[in-house]
>>> print(open('data.pdb').read())   # PDB, C-alpha atoms
ATOM      1  CA  MET A   1     -90.479 -22.114 -53.579  1.00  0.00           C
ATOM      2  CA  SER A   2     -93.171 -23.153 -56.068  1.00  0.00           C
ATOM      3  CA  ASP A   3     -92.727 -26.343 -58.070  1.00  0.00           C
ATOM      4  CA  SER A   4     -95.142 -25.089 -60.711  1.00  0.00           C
ATOM      5  CA  LYS A   5     -94.002 -25.548 -64.290  1.00  0.00           C
ATOM      6  CA  GLU A   6     -96.970 -23.612 -65.650  1.00  0.00           C
ATOM      7  CA  ARG A   7     -95.780 -20.093 -64.929  1.00  0.00           C
ATOM      8  CA  PRO A   8     -92.404 -18.436 -65.531  1.00  0.00           C
ATOM      9  CA  PHE A   9     -90.034 -18.511 -62.577  1.00  0.00           C
ATOM     10  CA  ILE A  10     -88.735 -15.014 -61.767  1.00  0.00           C
ATOM     11  CA  LEU A  11     -85.742 -14.250 -59.547  1.00  0.00           C
ATOM     12  CA  VAL A  12     -85.961 -10.850 -57.837  1.00  0.00           C
ATOM     13  CA  SER A  13     -82.947  -9.078 -56.335  1.00  0.00           C
ATOM     14  CA  ASN A  14     -81.777  -5.533 -55.554  1.00  0.00           C
ATOM     15  CA  ASP A  15     -79.063  -3.512 -53.811  1.00  0.00           C
ATOM     16  CA  ASP A  16     -81.173  -1.734 -51.176  1.00  0.00           C
ATOM     17  CA  GLY A  17     -81.651  -4.885 -49.128  1.00  0.00           C
ATOM     18  CA  ILE A  18     -84.271  -7.603 -48.875  1.00  0.00           C
ATOM     19  CA  PHE A  19     -86.676  -5.539 -46.766  1.00  0.00           C
ATOM     20  CA  SER A  20     -86.644  -2.357 -48.868  1.00  0.00           C
ATOM     21  CA  PRO A  21     -89.987  -0.995 -50.115  1.00  0.00           C
ATOM     22  CA  GLY A  22     -88.703  -1.165 -53.686  1.00  0.00           C
ATOM     23  CA  ILE A  23     -88.114  -4.912 -53.739  1.00  0.00           C
ATOM     24  CA  LYS A  24     -91.625  -5.533 -52.416  1.00  0.00           C
ATOM     25  CA  ALA A  25     -93.062  -3.273 -55.124  1.00  0.00           C
ATOM     26  CA  LEU A  26     -91.114  -5.099 -57.840  1.00  0.00           C
ATOM     27  CA  ALA A  27     -92.073  -8.527 -56.484  1.00  0.00           C
ATOM     28  CA  GLU A  28     -95.743  -7.504 -56.670  1.00  0.00           C
ATOM     29  CA  VAL A  29     -95.396  -6.780 -60.374  1.00  0.00           C
ATOM     30  CA  ALA A  30     -93.285  -9.853 -61.104  1.00  0.00           C
ATOM     31  CA  ALA A  31     -95.884 -12.044 -59.377  1.00  0.00           C
ATOM     32  CA  GLU A  32     -98.421 -10.992 -62.014  1.00  0.00           C
ATOM     33  CA  PHE A  33     -96.334 -12.903 -64.559  1.00  0.00           C
ATOM     34  CA  GLY A  34     -94.874 -15.858 -62.704  1.00  0.00           C
ATOM     35  CA  ASP A  35     -93.647 -17.503 -59.528  1.00  0.00           C
ATOM     36  CA  VAL A  36     -91.371 -15.169 -57.565  1.00  0.00           C
ATOM     37  CA  TYR A  37     -88.363 -15.967 -55.425  1.00  0.00           C
ATOM     38  CA  ILE A  38     -86.243 -13.241 -53.808  1.00  0.00           C
ATOM     39  CA  VAL A  39     -82.496 -13.424 -53.187  1.00  0.00           C
ATOM     40  CA  ALA A  40     -81.124 -10.066 -52.043  1.00  0.00           C
ATOM     41  CA  PRO A  41     -78.520  -8.525 -49.724  1.00  0.00           C
ATOM     42  CA  ASP A  42     -79.213  -8.596 -46.000  1.00  0.00           C
ATOM     43  CA  LYS A  43     -78.367  -4.878 -45.828  1.00  0.00           C
ATOM     44  CA  GLU A  44     -78.013  -1.939 -48.204  1.00  0.00           C
ATOM     45  CA  GLN A  45     -75.322  -2.381 -50.845  1.00  0.00           C
ATOM     46  CA  SER A  46     -75.782   0.770 -52.925  1.00  0.00           C
ATOM     47  CA  ALA A  47     -72.994   1.839 -55.310  1.00  0.00           C
ATOM     48  CA  VAL A  48     -71.005  -1.383 -54.910  1.00  0.00           C
ATOM     49  CA  GLY A  49     -71.053  -1.904 -58.683  1.00  0.00           C
ATOM     50  CA  HIS A  50     -70.299  -5.441 -59.831  1.00  0.00           C
ATOM     51  CA  SER A  51     -68.081  -6.353 -56.892  1.00  0.00           C
ATOM     52  CA  ILE A  52     -68.152  -9.916 -55.571  1.00  0.00           C
ATOM     53  CA  THR A  53     -67.109 -11.412 -52.238  1.00  0.00           C
ATOM     54  CA  ILE A  54     -64.034 -13.636 -52.191  1.00  0.00           C
ATOM     55  CA  GLN A  55     -62.389 -13.083 -48.788  1.00  0.00           C
ATOM     56  CA  VAL A  56     -65.212 -14.194 -46.467  1.00  0.00           C
ATOM     57  CA  PRO A  57     -67.843 -16.949 -46.716  1.00  0.00           C
ATOM     58  CA  LEU A  58     -71.322 -16.123 -47.893  1.00  0.00           C
ATOM     59  CA  ARG A  59     -74.322 -17.053 -45.769  1.00  0.00           C
ATOM     60  CA  ALA A  60     -77.989 -17.088 -46.725  1.00  0.00           C
ATOM     61  CA  SER A  61     -80.969 -16.918 -44.368  1.00  0.00           C
ATOM     62  CA  LYS A  62     -84.542 -17.689 -45.392  1.00  0.00           C
ATOM     63  CA  PHE A  63     -87.140 -14.925 -45.089  1.00  0.00           C
ATOM     64  CA  THR A  64     -90.682 -14.223 -46.191  1.00  0.00           C
ATOM     65  CA  VAL A  65     -91.059 -10.758 -47.674  1.00  0.00           C
ATOM     66  CA  ALA A  66     -94.367  -8.929 -47.183  1.00  0.00           C
ATOM     67  CA  ASP A  67     -95.826 -12.170 -45.759  1.00  0.00           C
ATOM     68  CA  LYS A  68     -96.105 -13.690 -49.220  1.00  0.00           C
ATOM     69  CA  TYR A  69     -92.801 -13.904 -51.164  1.00  0.00           C
ATOM     70  CA  GLU A  70     -90.281 -16.547 -50.198  1.00  0.00           C
ATOM     71  CA  GLY A  71     -86.642 -15.597 -50.357  1.00  0.00           C
ATOM     72  CA  GLN A  72     -83.200 -15.530 -48.835  1.00  0.00           C
ATOM     73  CA  ALA A  73     -81.020 -12.723 -47.502  1.00  0.00           C
ATOM     74  CA  VAL A  74     -77.313 -12.944 -48.321  1.00  0.00           C
ATOM     75  CA  ASN A  75     -74.417 -11.228 -46.539  1.00  0.00           C
ATOM     76  CA  GLY A  76     -72.926 -10.161 -49.852  1.00  0.00           C
ATOM     77  CA  THR A  77     -73.259  -7.894 -52.851  1.00  0.00           C
ATOM     78  CA  PRO A  78     -76.064  -7.853 -55.424  1.00  0.00           C
ATOM     79  CA  ALA A  79     -73.878  -9.766 -57.895  1.00  0.00           C
ATOM     80  CA  ASP A  80     -73.126 -12.304 -55.137  1.00  0.00           C
ATOM     81  CA  CYS A  81     -76.860 -12.781 -54.620  1.00  0.00           C
ATOM     82  CA  VAL A  82     -77.562 -13.650 -58.244  1.00  0.00           C
ATOM     83  CA  LYS A  83     -74.476 -15.866 -58.496  1.00  0.00           C
ATOM     84  CA  LEU A  84     -75.368 -17.742 -55.319  1.00  0.00           C
ATOM     85  CA  ALA A  85     -79.014 -18.084 -56.357  1.00  0.00           C
ATOM     86  CA  HIS A  86     -77.914 -19.559 -59.687  1.00  0.00           C
ATOM     87  CA  GLY A  87     -75.285 -21.864 -58.248  1.00  0.00           C
ATOM     88  CA  GLN A  88     -76.798 -23.037 -54.948  1.00  0.00           C
ATOM     89  CA  LEU A  89     -80.076 -21.612 -53.696  1.00  0.00           C
ATOM     90  CA  LEU A  90     -82.579 -22.304 -56.476  1.00  0.00           C
ATOM     91  CA  ASP A  91     -83.968 -25.700 -57.397  1.00  0.00           C
ATOM     92  CA  ARG A  92     -85.300 -24.293 -60.654  1.00  0.00           C
ATOM     93  CA  LYS A  93     -83.496 -22.027 -63.106  1.00  0.00           C
ATOM     94  CA  PRO A  94     -85.215 -18.662 -63.565  1.00  0.00           C
ATOM     95  CA  ASP A  95     -86.870 -17.596 -66.778  1.00  0.00           C
ATOM     96  CA  LEU A  96     -86.206 -13.967 -65.871  1.00  0.00           C
ATOM     97  CA  VAL A  97     -84.083 -11.950 -63.428  1.00  0.00           C
ATOM     98  CA  VAL A  98     -85.361  -8.554 -62.273  1.00  0.00           C
ATOM     99  CA  SER A  99     -83.495  -6.184 -59.946  1.00  0.00           C
ATOM    100  CA  GLY A 100     -84.919  -3.200 -58.060  1.00  0.00           C
ATOM    101  CA  ILE A 101     -86.901  -1.101 -57.627  1.00  0.00           C
ATOM    102  CA  ASN A 102     -83.913   1.011 -56.631  1.00  0.00           C
ATOM    103  CA  HIS A 103     -84.448   4.252 -54.735  1.00  0.00           C
ATOM    104  CA  GLY A 104     -82.410   6.674 -56.851  1.00  0.00           C
ATOM    105  CA  SER A 105     -81.772   6.998 -60.567  1.00  0.00           C
ATOM    106  CA  ASN A 106     -79.462   4.597 -62.342  1.00  0.00           C
ATOM    107  CA  ALA A 107     -79.361   6.546 -65.591  1.00  0.00           C
ATOM    108  CA  GLY A 108     -76.268   7.991 -67.244  1.00  0.00           C
ATOM    109  CA  ILE A 109     -72.945   7.281 -65.540  1.00  0.00           C
ATOM    110  CA  ASN A 110     -74.769   5.843 -62.525  1.00  0.00           C
ATOM    111  CA  ILE A 111     -75.002   2.589 -64.491  1.00  0.00           C
ATOM    112  CA  MET A 112     -71.291   2.053 -63.824  1.00  0.00           C
ATOM    113  CA  TYR A 113     -71.639   2.256 -60.039  1.00  0.00           C
ATOM    114  CA  SER A 114     -75.031   0.652 -59.542  1.00  0.00           C
ATOM    115  CA  GLY A 115     -75.462  -2.546 -57.570  1.00  0.00           C
ATOM    116  CA  THR A 116     -79.021  -2.742 -58.898  1.00  0.00           C
ATOM    117  CA  VAL A 117     -77.843  -2.788 -62.498  1.00  0.00           C
ATOM    118  CA  SER A 118     -75.029  -5.195 -61.628  1.00  0.00           C
ATOM    119  CA  ALA A 119     -77.451  -7.755 -60.190  1.00  0.00           C
ATOM    120  CA  ALA A 120     -79.328  -7.706 -63.487  1.00  0.00           C
ATOM    121  CA  THR A 121     -76.103  -7.754 -65.504  1.00  0.00           C
ATOM    122  CA  GLU A 122     -74.960 -10.818 -63.562  1.00  0.00           C
ATOM    123  CA  GLY A 123     -78.200 -12.483 -64.577  1.00  0.00           C
ATOM    124  CA  THR A 124     -77.382 -11.676 -68.200  1.00  0.00           C
ATOM    125  CA  ILE A 125     -73.859 -13.091 -67.827  1.00  0.00           C
ATOM    126  CA  LEU A 126     -75.390 -16.315 -66.488  1.00  0.00           C
ATOM    127  CA  GLY A 127     -77.660 -16.547 -69.525  1.00  0.00           C
ATOM    128  CA  TYR A 128     -80.978 -15.225 -68.182  1.00  0.00           C
ATOM    129  CA  PRO A 129     -83.028 -12.367 -69.656  1.00  0.00           C
ATOM    130  CA  SER A 130     -82.541  -9.622 -67.085  1.00  0.00           C
ATOM    131  CA  ILE A 131     -83.996  -6.229 -66.197  1.00  0.00           C
ATOM    132  CA  ALA A 132     -82.943  -3.509 -63.731  1.00  0.00           C
ATOM    133  CA  VAL A 133     -85.574  -1.046 -62.480  1.00  0.00           C
ATOM    134  CA  SER A 134     -84.928   2.237 -60.640  1.00  0.00           C
ATOM    135  CA  CYS A 135     -86.902   5.233 -59.413  1.00  0.00           C
ATOM    136  CA  THR A 136     -85.457   8.739 -59.684  1.00  0.00           C
ATOM    137  CA  GLU A 137     -86.636   9.529 -56.140  1.00  0.00           C
ATOM    138  CA  PHE A 138     -84.371   8.599 -53.197  1.00  0.00           C
ATOM    139  CA  ASN A 139     -87.078   8.899 -50.540  1.00  0.00           C
ATOM    140  CA  GLU A 140     -88.190   5.440 -49.369  1.00  0.00           C
ATOM    141  CA  ASP A 141     -91.770   6.760 -49.170  1.00  0.00           C
ATOM    142  CA  ALA A 142     -91.726   7.665 -52.877  1.00  0.00           C
ATOM    143  CA  ASN A 143     -94.755   6.783 -54.989  1.00  0.00           C
ATOM    144  CA  LEU A 144     -93.547   3.798 -57.038  1.00  0.00           C
ATOM    145  CA  ARG A 145     -96.684   3.253 -59.120  1.00  0.00           C
ATOM    146  CA  GLY A 146     -95.145   4.684 -62.283  1.00  0.00           C
ATOM    147  CA  CYS A 147     -92.038   2.557 -61.790  1.00  0.00           C
ATOM    148  CA  GLN A 148     -94.214  -0.500 -61.309  1.00  0.00           C
ATOM    149  CA  GLU A 149     -96.076   0.181 -64.543  1.00  0.00           C
ATOM    150  CA  ALA A 150     -92.821   0.687 -66.428  1.00  0.00           C
ATOM    151  CA  ALA A 151     -91.540  -2.603 -64.983  1.00  0.00           C
ATOM    152  CA  ARG A 152     -94.804  -4.326 -65.908  1.00  0.00           C
ATOM    153  CA  ARG A 153     -94.533  -3.261 -69.539  1.00  0.00           C
ATOM    154  CA  VAL A 154     -90.869  -4.219 -69.859  1.00  0.00           C
ATOM    155  CA  ILE A 155     -91.328  -7.587 -68.131  1.00  0.00           C
ATOM    156  CA  ARG A 156     -94.189  -8.402 -70.483  1.00  0.00           C
ATOM    157  CA  HIS A 157     -92.094  -7.385 -73.483  1.00  0.00           C
ATOM    158  CA  VAL A 158     -89.122  -9.527 -72.427  1.00  0.00           C
ATOM    159  CA  LEU A 159     -91.199 -12.602 -71.586  1.00  0.00           C
ATOM    160  CA  GLU A 160     -92.908 -12.366 -74.978  1.00  0.00           C
ATOM    161  CA  ASN A 161     -89.898 -11.431 -77.106  1.00  0.00           C
ATOM    162  CA  GLY A 162     -86.757 -12.383 -75.185  1.00  0.00           C
ATOM    163  CA  LEU A 163     -83.507 -10.424 -75.326  1.00  0.00           C
ATOM    164  CA  PRO A 164     -80.386 -10.707 -77.470  1.00  0.00           C
ATOM    165  CA  ARG A 165     -77.534 -12.567 -75.814  1.00  0.00           C
ATOM    166  CA  GLY A 166     -75.459 -10.253 -73.611  1.00  0.00           C
ATOM    167  CA  VAL A 167     -78.064  -7.473 -73.377  1.00  0.00           C
ATOM    168  CA  THR A 168     -79.645  -6.189 -70.154  1.00  0.00           C
ATOM    169  CA  LEU A 169     -82.524  -3.694 -70.020  1.00  0.00           C
ATOM    170  CA  ASN A 170     -81.993  -0.766 -67.649  1.00  0.00           C
ATOM    171  CA  VAL A 171     -85.324   0.847 -66.725  1.00  0.00           C
ATOM    172  CA  ASN A 172     -85.640   4.170 -64.905  1.00  0.00           C
ATOM    173  CA  ALA A 173     -88.844   6.026 -64.056  1.00  0.00           C
ATOM    174  CA  PRO A 174     -89.847   9.166 -62.171  1.00  0.00           C
ATOM    175  CA  ALA A 175     -91.748   8.849 -58.920  1.00  0.00           C
ATOM    176  CA  GLY A 176     -95.509   9.245 -59.213  1.00  0.00           C
ATOM    177  CA  GLU A 177     -97.989   8.097 -61.810  1.00  0.00           C
ATOM    178  CA  PHE A 178     -96.930   6.531 -65.096  1.00  0.00           C
ATOM    179  CA  THR A 179     -96.963   8.952 -68.050  1.00  0.00           C
ATOM    180  CA  GLY A 180     -95.201   6.961 -70.777  1.00  0.00           C
ATOM    181  CA  ILE A 181     -92.000   5.137 -71.609  1.00  0.00           C
ATOM    182  CA  LYS A 182     -89.351   5.435 -74.342  1.00  0.00           C
ATOM    183  CA  TRP A 183     -86.358   3.497 -75.600  1.00  0.00           C
ATOM    184  CA  THR A 184     -83.230   5.524 -74.846  1.00  0.00           C
ATOM    185  CA  ARG A 185     -79.452   5.465 -74.853  1.00  0.00           C
ATOM    186  CA  GLN A 186     -77.172   6.109 -71.892  1.00  0.00           C
ATOM    187  CA  ALA A 187     -76.509   9.820 -71.456  1.00  0.00           C
ATOM    188  CA  ASP A 188     -72.925  11.070 -71.425  1.00  0.00           C
ATOM    189  CA  SER A 189     -72.396  12.262 -67.858  1.00  0.00           C
ATOM    190  CA  ARG A 190     -69.997  12.191 -64.925  1.00  0.00           C
ATOM    191  CA  TYR A 191     -69.545  13.257 -61.323  1.00  0.00           C
ATOM    192  CA  VAL A 192     -67.355  16.215 -60.451  1.00  0.00           C
ATOM    193  CA  GLU A 193     -66.049  15.022 -57.115  1.00  0.00           C
ATOM    194  CA  GLU A 194     -63.727  15.870 -54.289  1.00  0.00           C
ATOM    195  CA  TYR A 195     -62.906  14.390 -50.908  1.00  0.00           C
ATOM    196  CA  GLU A 196     -63.589  16.591 -47.925  1.00  0.00           C
ATOM    197  CA  SER A 197     -60.943  16.070 -45.253  1.00  0.00           C
ATOM    198  CA  ARG A 198     -62.038  15.937 -41.609  1.00  0.00           C
ATOM    199  CA  ILE A 199     -60.492  15.027 -38.256  1.00  0.00           C
ATOM    200  CA  ASP A 200     -62.077  12.486 -35.915  1.00  0.00           C
ATOM    201  CA  PRO A 201     -62.104  12.773 -32.062  1.00  0.00           C
ATOM    202  CA  PHE A 202     -58.825  10.816 -31.935  1.00  0.00           C
ATOM    203  CA  ASP A 203     -57.093  13.389 -34.162  1.00  0.00           C
ATOM    204  CA  ARG A 204     -57.025  11.055 -37.165  1.00  0.00           C
ATOM    205  CA  ALA A 205     -57.835  12.241 -40.662  1.00  0.00           C
ATOM    206  CA  TYR A 206     -60.758  10.786 -42.596  1.00  0.00           C
ATOM    207  CA  TYR A 207     -62.283  11.687 -45.954  1.00  0.00           C
ATOM    208  CA  TRP A 208     -65.884  12.111 -47.105  1.00  0.00           C
ATOM    209  CA  LEU A 209     -66.775  11.970 -50.796  1.00  0.00           C
ATOM    210  CA  THR A 210     -68.721  14.974 -52.052  1.00  0.00           C
ATOM    211  CA  GLY A 211     -69.521  16.325 -55.479  1.00  0.00           C
ATOM    212  CA  LYS A 212     -72.226  16.948 -58.016  1.00  0.00           C
ATOM    213  CA  PHE A 213     -73.625  15.247 -61.086  1.00  0.00           C
ATOM    214  CA  GLU A 214     -72.712  16.801 -64.452  1.00  0.00           C
ATOM    215  CA  LEU A 215     -74.654  16.109 -67.641  1.00  0.00           C
ATOM    216  CA  LEU A 216     -72.461  16.334 -70.760  1.00  0.00           C
ATOM    217  CA  ASP A 217     -75.212  15.434 -73.201  1.00  0.00           C
ATOM    218  CA  GLU A 218     -77.991  17.490 -74.794  1.00  0.00           C
ATOM    219  CA  GLY A 219     -79.409  14.646 -76.891  1.00  0.00           C
ATOM    220  CA  LYS A 220     -83.160  14.204 -76.670  1.00  0.00           C
ATOM    221  CA  ASP A 221     -82.798  10.430 -77.055  1.00  0.00           C
ATOM    222  CA  SER A 222     -80.823   9.984 -73.825  1.00  0.00           C
ATOM    223  CA  ASP A 223     -82.170   8.387 -70.667  1.00  0.00           C
ATOM    224  CA  ILE A 224     -81.675  11.507 -68.547  1.00  0.00           C
ATOM    225  CA  HIS A 225     -83.425  13.790 -71.053  1.00  0.00           C
ATOM    226  CA  VAL A 226     -86.430  11.469 -71.172  1.00  0.00           C
ATOM    227  CA  LEU A 227     -86.557  11.219 -67.374  1.00  0.00           C
ATOM    228  CA  ASN A 228     -86.296  15.003 -67.011  1.00  0.00           C
ATOM    229  CA  ASN A 229     -89.359  15.247 -69.231  1.00  0.00           C
ATOM    230  CA  GLY A 230     -91.402  13.026 -66.952  1.00  0.00           C
ATOM    231  CA  LEU A 231     -91.251   9.754 -68.875  1.00  0.00           C
ATOM    232  CA  ALA A 232     -89.745   6.381 -68.036  1.00  0.00           C
ATOM    233  CA  SER A 233     -86.701   5.231 -69.990  1.00  0.00           C
ATOM    234  CA  VAL A 234     -85.557   1.772 -71.032  1.00  0.00           C
ATOM    235  CA  THR A 235     -81.936   1.497 -72.135  1.00  0.00           C
ATOM    236  CA  PRO A 236     -80.410  -1.670 -73.593  1.00  0.00           C
ATOM    237  CA  ILE A 237     -76.927  -2.096 -72.133  1.00  0.00           C
ATOM    238  CA  GLN A 238     -74.206  -4.744 -72.448  1.00  0.00           C
ATOM    239  CA  TYR A 239     -71.304  -5.990 -70.367  1.00  0.00           C
ATOM    240  CA  ASP A 240     -68.998  -6.278 -73.401  1.00  0.00           C
ATOM    241  CA  LEU A 241     -66.876  -3.129 -72.935  1.00  0.00           C
ATOM    242  CA  THR A 242     -64.872  -3.484 -76.146  1.00  0.00           C
ATOM    243  CA  ALA A 243     -64.507  -0.227 -78.114  1.00  0.00           C
ATOM    244  CA  TYR A 244     -65.305  -1.760 -81.492  1.00  0.00           C
ATOM    245  CA  ASP A 245     -64.917   1.476 -83.494  1.00  0.00           C
ATOM    246  CA  LEU A 246     -61.296   1.686 -82.398  1.00  0.00           C
ATOM    247  CA  LEU A 247     -60.663  -2.045 -82.665  1.00  0.00           C
ATOM    248  CA  ASN A 248     -62.041  -2.311 -86.200  1.00  0.00           C
ATOM    249  CA  GLY A 249     -59.692   0.396 -87.420  1.00  0.00           C
ATOM    250  CA  ALA A 250     -56.671  -0.713 -85.436  1.00  0.00           C
ATOM    251  CA  ASP A 251     -53.464  -1.795 -87.178  1.00  0.00           C
ATOM    252  CA  ASP A 252     -51.305  -4.429 -85.506  1.00  0.00           C
ATOM    253  CA  GLU A 253     -48.301  -3.113 -87.383  1.00  0.00           C
ATOM    254  CA  GLY A 254     -48.606   0.141 -85.477  1.00  0.00           C
ATOM    255  CA  LEU A 255     -48.012  -1.748 -82.243  1.00  0.00           C
ATOM    256  CA  ASN A 256     -45.284  -4.030 -83.539  1.00  0.00           C
ATOM    257  CA  GLY A 257     -43.266  -1.597 -85.638  1.00  0.00           C
ATOM    258  CA  ASP A 258     -40.051   0.104 -84.527  1.00  0.00           C
TER     259      ASP A 258
END
>>> encode(input="data.pdb", output="structure tokens")
Amino acid sequence: MSDSKERPFILVSNDDGIFSPGIKALAEVAAEFGDVYIVAPDKEQSAVGHSITIQVPLRASKFTVADKYEGQAVNGTPADCVKLAHGQLLDRKPDLVVSGINHGSNAGINIMYSGTVSAATEGTILGYPSIAVSCTEFNEDANLRGCQEAARRVIRHVLENGLPRGVTLNVNAPAGEFTGIKWTRQADSRYVEEYESRIDPFDRAYYWLTGKFELLDEGKDSDIHVLNNGLASVTPIQYDLTAYDLLNGADDEGLNGD
């Protein structure tokens, strides 16, 4: 880990695992701006959301990623990785936390389930400017150049301007070359799901989640609309889940009356 005080110190994490192509691609971009250190899961942790490990001990093993980036692999979730980096593994507090590049979109309702976004959100909770970056393509051989350029522009913006307290930037980009980027909001969407029941060789039932994504939003300012039109999106999100419109109009008497 570099002791340099001249350049920003950037913590890189993800949910696809420390040896995924996406984390290498993101580390390459982050290294243009500062000293990089990677703390990421030792195996894929997709769709674990913001879960943390409390029933088993966490262990971290040192690795060098792509023969140039020092880091540690953790037997835990993405949020565990950022927590452990903050509390134990780093000898210097990061100036920025970046998570990704995830293989698969984290736009719309996917934000709720994403380990990639949760790693960045954990960075925000701990007080660091934080960014999540995802590619719409699931294939690990996907062309990530456009995602890298989107990340480059957002990292530069955050290092120069900072972020409001409690805000994380969620970046998504199509695979392929960069064609532009827009500020967006989270699209209203959901999954229409069902569990397919099957029987294993020992005559025991098991269940496999299936379903399809449903977009409930026709707004042209949403992340999914922008992505469907070939551009990258950057959505400011927050971990404060309070419904302020309801709260501001709420009447305590309505709860306490007969």
>>> resolve_selection(input="data.pdb", expression="the PyMOL selection byres ((chain A and resi 56-69) around 10)", output="PyMOL selection string")
chain A and resi 1+18-21+23-25+27-28+31+35-42+53-55+70-77+80-81+84-85+89
>>> residues_around(input="data.pdb", residues="A:Gly115", least_positions_apart="5", cutoff="7 Å", atoms="only C-alpha atoms", output="list of chain:residue names")
A:Asp15, A:Gln45, A:Ser46, A:Ala47, A:Val48, A:Gly49, A:His50, A:Pro78
>>> write_last_selection(input="data.pdb", atoms="C-alpha atoms", output="PDB file, in the coordinates of the input")
ATOM      1  CA  ASP A  15     -79.063  -3.512 -53.811  1.00  0.00           C
ATOM      2  CA  GLN A  45     -75.322  -2.381 -50.845  1.00  0.00           C
ATOM      3  CA  SER A  46     -75.782   0.770 -52.925  1.00  0.00           C
ATOM      4  CA  ALA A  47     -72.994   1.839 -55.310  1.00  0.00           C
ATOM      5  CA  VAL A  48     -71.005  -1.383 -54.910  1.00  0.00           C
ATOM      6  CA  GLY A  49     -71.053  -1.904 -58.683  1.00  0.00           C
ATOM      7  CA  HIS A  50     -70.299  -5.441 -59.831  1.00  0.00           C
ATOM      8  CA  PRO A  78     -76.064  -7.853 -55.424  1.00  0.00           C
TER       9      PRO A  78
END
>>> resolve_selection(input="data.pdb", expression="the PyMOL selection byres ((chain A and resi 151-159) around 8)", output="ChimeraX atom specification")
/A:26,29-30,33,96,129,131,133,147-150,160-163,171
>>> write_last_selection(input="data.pdb", atoms="C-alpha atoms", output="short mmCIF file (atom, residue, chain, number, x, y, z; two decimals), keeping the file's coordinate frame")
data_model
loop_
_atom_site.label_atom_id
_atom_site.label_comp_id
_atom_site.auth_asym_id
_atom_site.auth_seq_id
_atom_site.Cartn_x
_atom_site.Cartn_y
_atom_site.Cartn_z
CA LEU A 26 -91.11 -5.10 -57.84
CA VAL A 29 -95.40 -6.78 -60.37
CA ALA A 30 -93.28 -9.85 -61.10
CA PHE A 33 -96.33 -12.90 -64.56
CA LEU A 96 -86.21 -13.97 -65.87
CA PRO A 129 -83.03 -12.37 -69.66
CA ILE A 131 -84.00 -6.23 -66.20
CA VAL A 133 -85.57 -1.05 -62.48
CA CYS A 147 -92.04 2.56 -61.79
CA GLN A 148 -94.21 -0.50 -61.31
CA GLU A 149 -96.08 0.18 -64.54
CA ALA A 150 -92.82 0.69 -66.43
CA GLU A 160 -92.91 -12.37 -74.98
CA ASN A 161 -89.90 -11.43 -77.11
CA GLY A 162 -86.76 -12.38 -75.18
CA LEU A 163 -83.51 -10.42 -75.33
CA VAL A 171 -85.32 0.85 -66.72
#
>>> atom_distance(input="data.pdb", atom1="atom CA of A:Glu44", atom2="atom CA of A:Asn14")
9.0 Å
>>> residues_around(input="data.pdb", residues="A:Thr235", least_positions_apart="2", cutoff="6 Å", atoms="only C-alpha atoms", output="VMD selection string")
chain A and resid 169 to 170 183 to 185
>>> residues_around(input="data.pdb", residues="A:Glu196", least_positions_apart="6", cutoff="8 Å", atoms="all atoms listed in the file", output="compact mmCIF listing (two decimals) with C-alpha atoms, in the frame of the given file")
# COMPACT_ATOMS: atom_id res chain seq x y z
CA TYR A 207 -62.28 11.69 -45.95
CA TRP A 208 -65.88 12.11 -47.10
CA LEU A 209 -66.78 11.97 -50.80
CA THR A 210 -68.72 14.97 -52.05
>>> resolve_selection(input="data.pdb", expression="the PyMOL selection byres ((chain A and resi 99) around 7)", output="list of chain:residue names")
A:Val12, A:Ser13, A:Asn14, A:Val97, A:Val98, A:Gly100, A:Ile101, A:Thr116, A:Ala119, A:Ala120, A:Ile131, A:Ala132, A:Val133
>>> closest_residue(input="data.pdb", among="A:Ser51, A:Ser233, A:Thr136, A:Ser222", to="A:Met112", atoms="all atoms listed in the file")
A:Ser51
>>> axis_aligned_box(input="data.pdb", around="stretch 102-119 of chain A", padding_each_side="4 Å", output="AutoDock Vina command-line options")
--center_x -77.9 --center_y 0.1 --center_z -61.0 --size_x 21.2 --size_y 23.7 --size_z 20.5
>>> closest_residue(input="data.pdb", among="A:Asp141, A:Ala79, A:Thr168, A:Asp217", to="A:Ile237", atoms="only C-alpha atoms")
A:Thr168
>>> closest_residue(input="data.pdb", among="A:Arg7, A:Arg165, A:Arg145, A:Arg198", to="A:Glu177", atoms="all atoms listed in the file")
A:Arg145
>>> atom_distance(input="data.pdb", atom1="atom CA of A:Lys83", atom2="atom CA of A:Glu122")
7.2 Å
>>> atom_distance(input="data.pdb", atom1="atom CA of A:Lys220", atom2="atom CA of A:Asn172")
15.7 Å
>>> residues_around(input="data.pdb", residues="A:Phe9", least_positions_apart="6", cutoff="6 Å", atoms="all atoms listed in the file", output="PDB file with C-alpha atoms, keeping the file's coordinate frame")
ATOM      1  CA  GLY A  34     -94.874 -15.858 -62.704  1.00  0.00           C
ATOM      2  CA  ASP A  35     -93.647 -17.503 -59.528  1.00  0.00           C
ATOM      3  CA  PRO A  94     -85.215 -18.662 -63.565  1.00  0.00           C
ATOM      4  CA  ASP A  95     -86.870 -17.596 -66.778  1.00  0.00           C
TER       5      ASP A  95
END
>>> closest_residue(input="data.pdb", among="A:Val82, A:Leu215, A:Ile199, A:Val226", to="A:Thr121", atoms="all atoms listed in the file")
A:Val82
>>> closest_residue(input="data.pdb", among="A:Ala205, A:Ile111, A:Leu126, A:Ala232", to="A:Ser189", atoms="only C-alpha atoms")
A:Ile111
>>> residues_around(input="data.pdb", residues="A:Tyr239", least_positions_apart="3", cutoff="8 Å", atoms="only C-alpha atoms", output="MDAnalysis selection string")
chainID A and resid 121 125 166:167
>>> closest_residue(input="data.pdb", among="A:Gly176, A:Gly254, A:Gly211, A:Gly123", to="A:Leu11", atoms="all atoms listed in the file")
A:Gly123
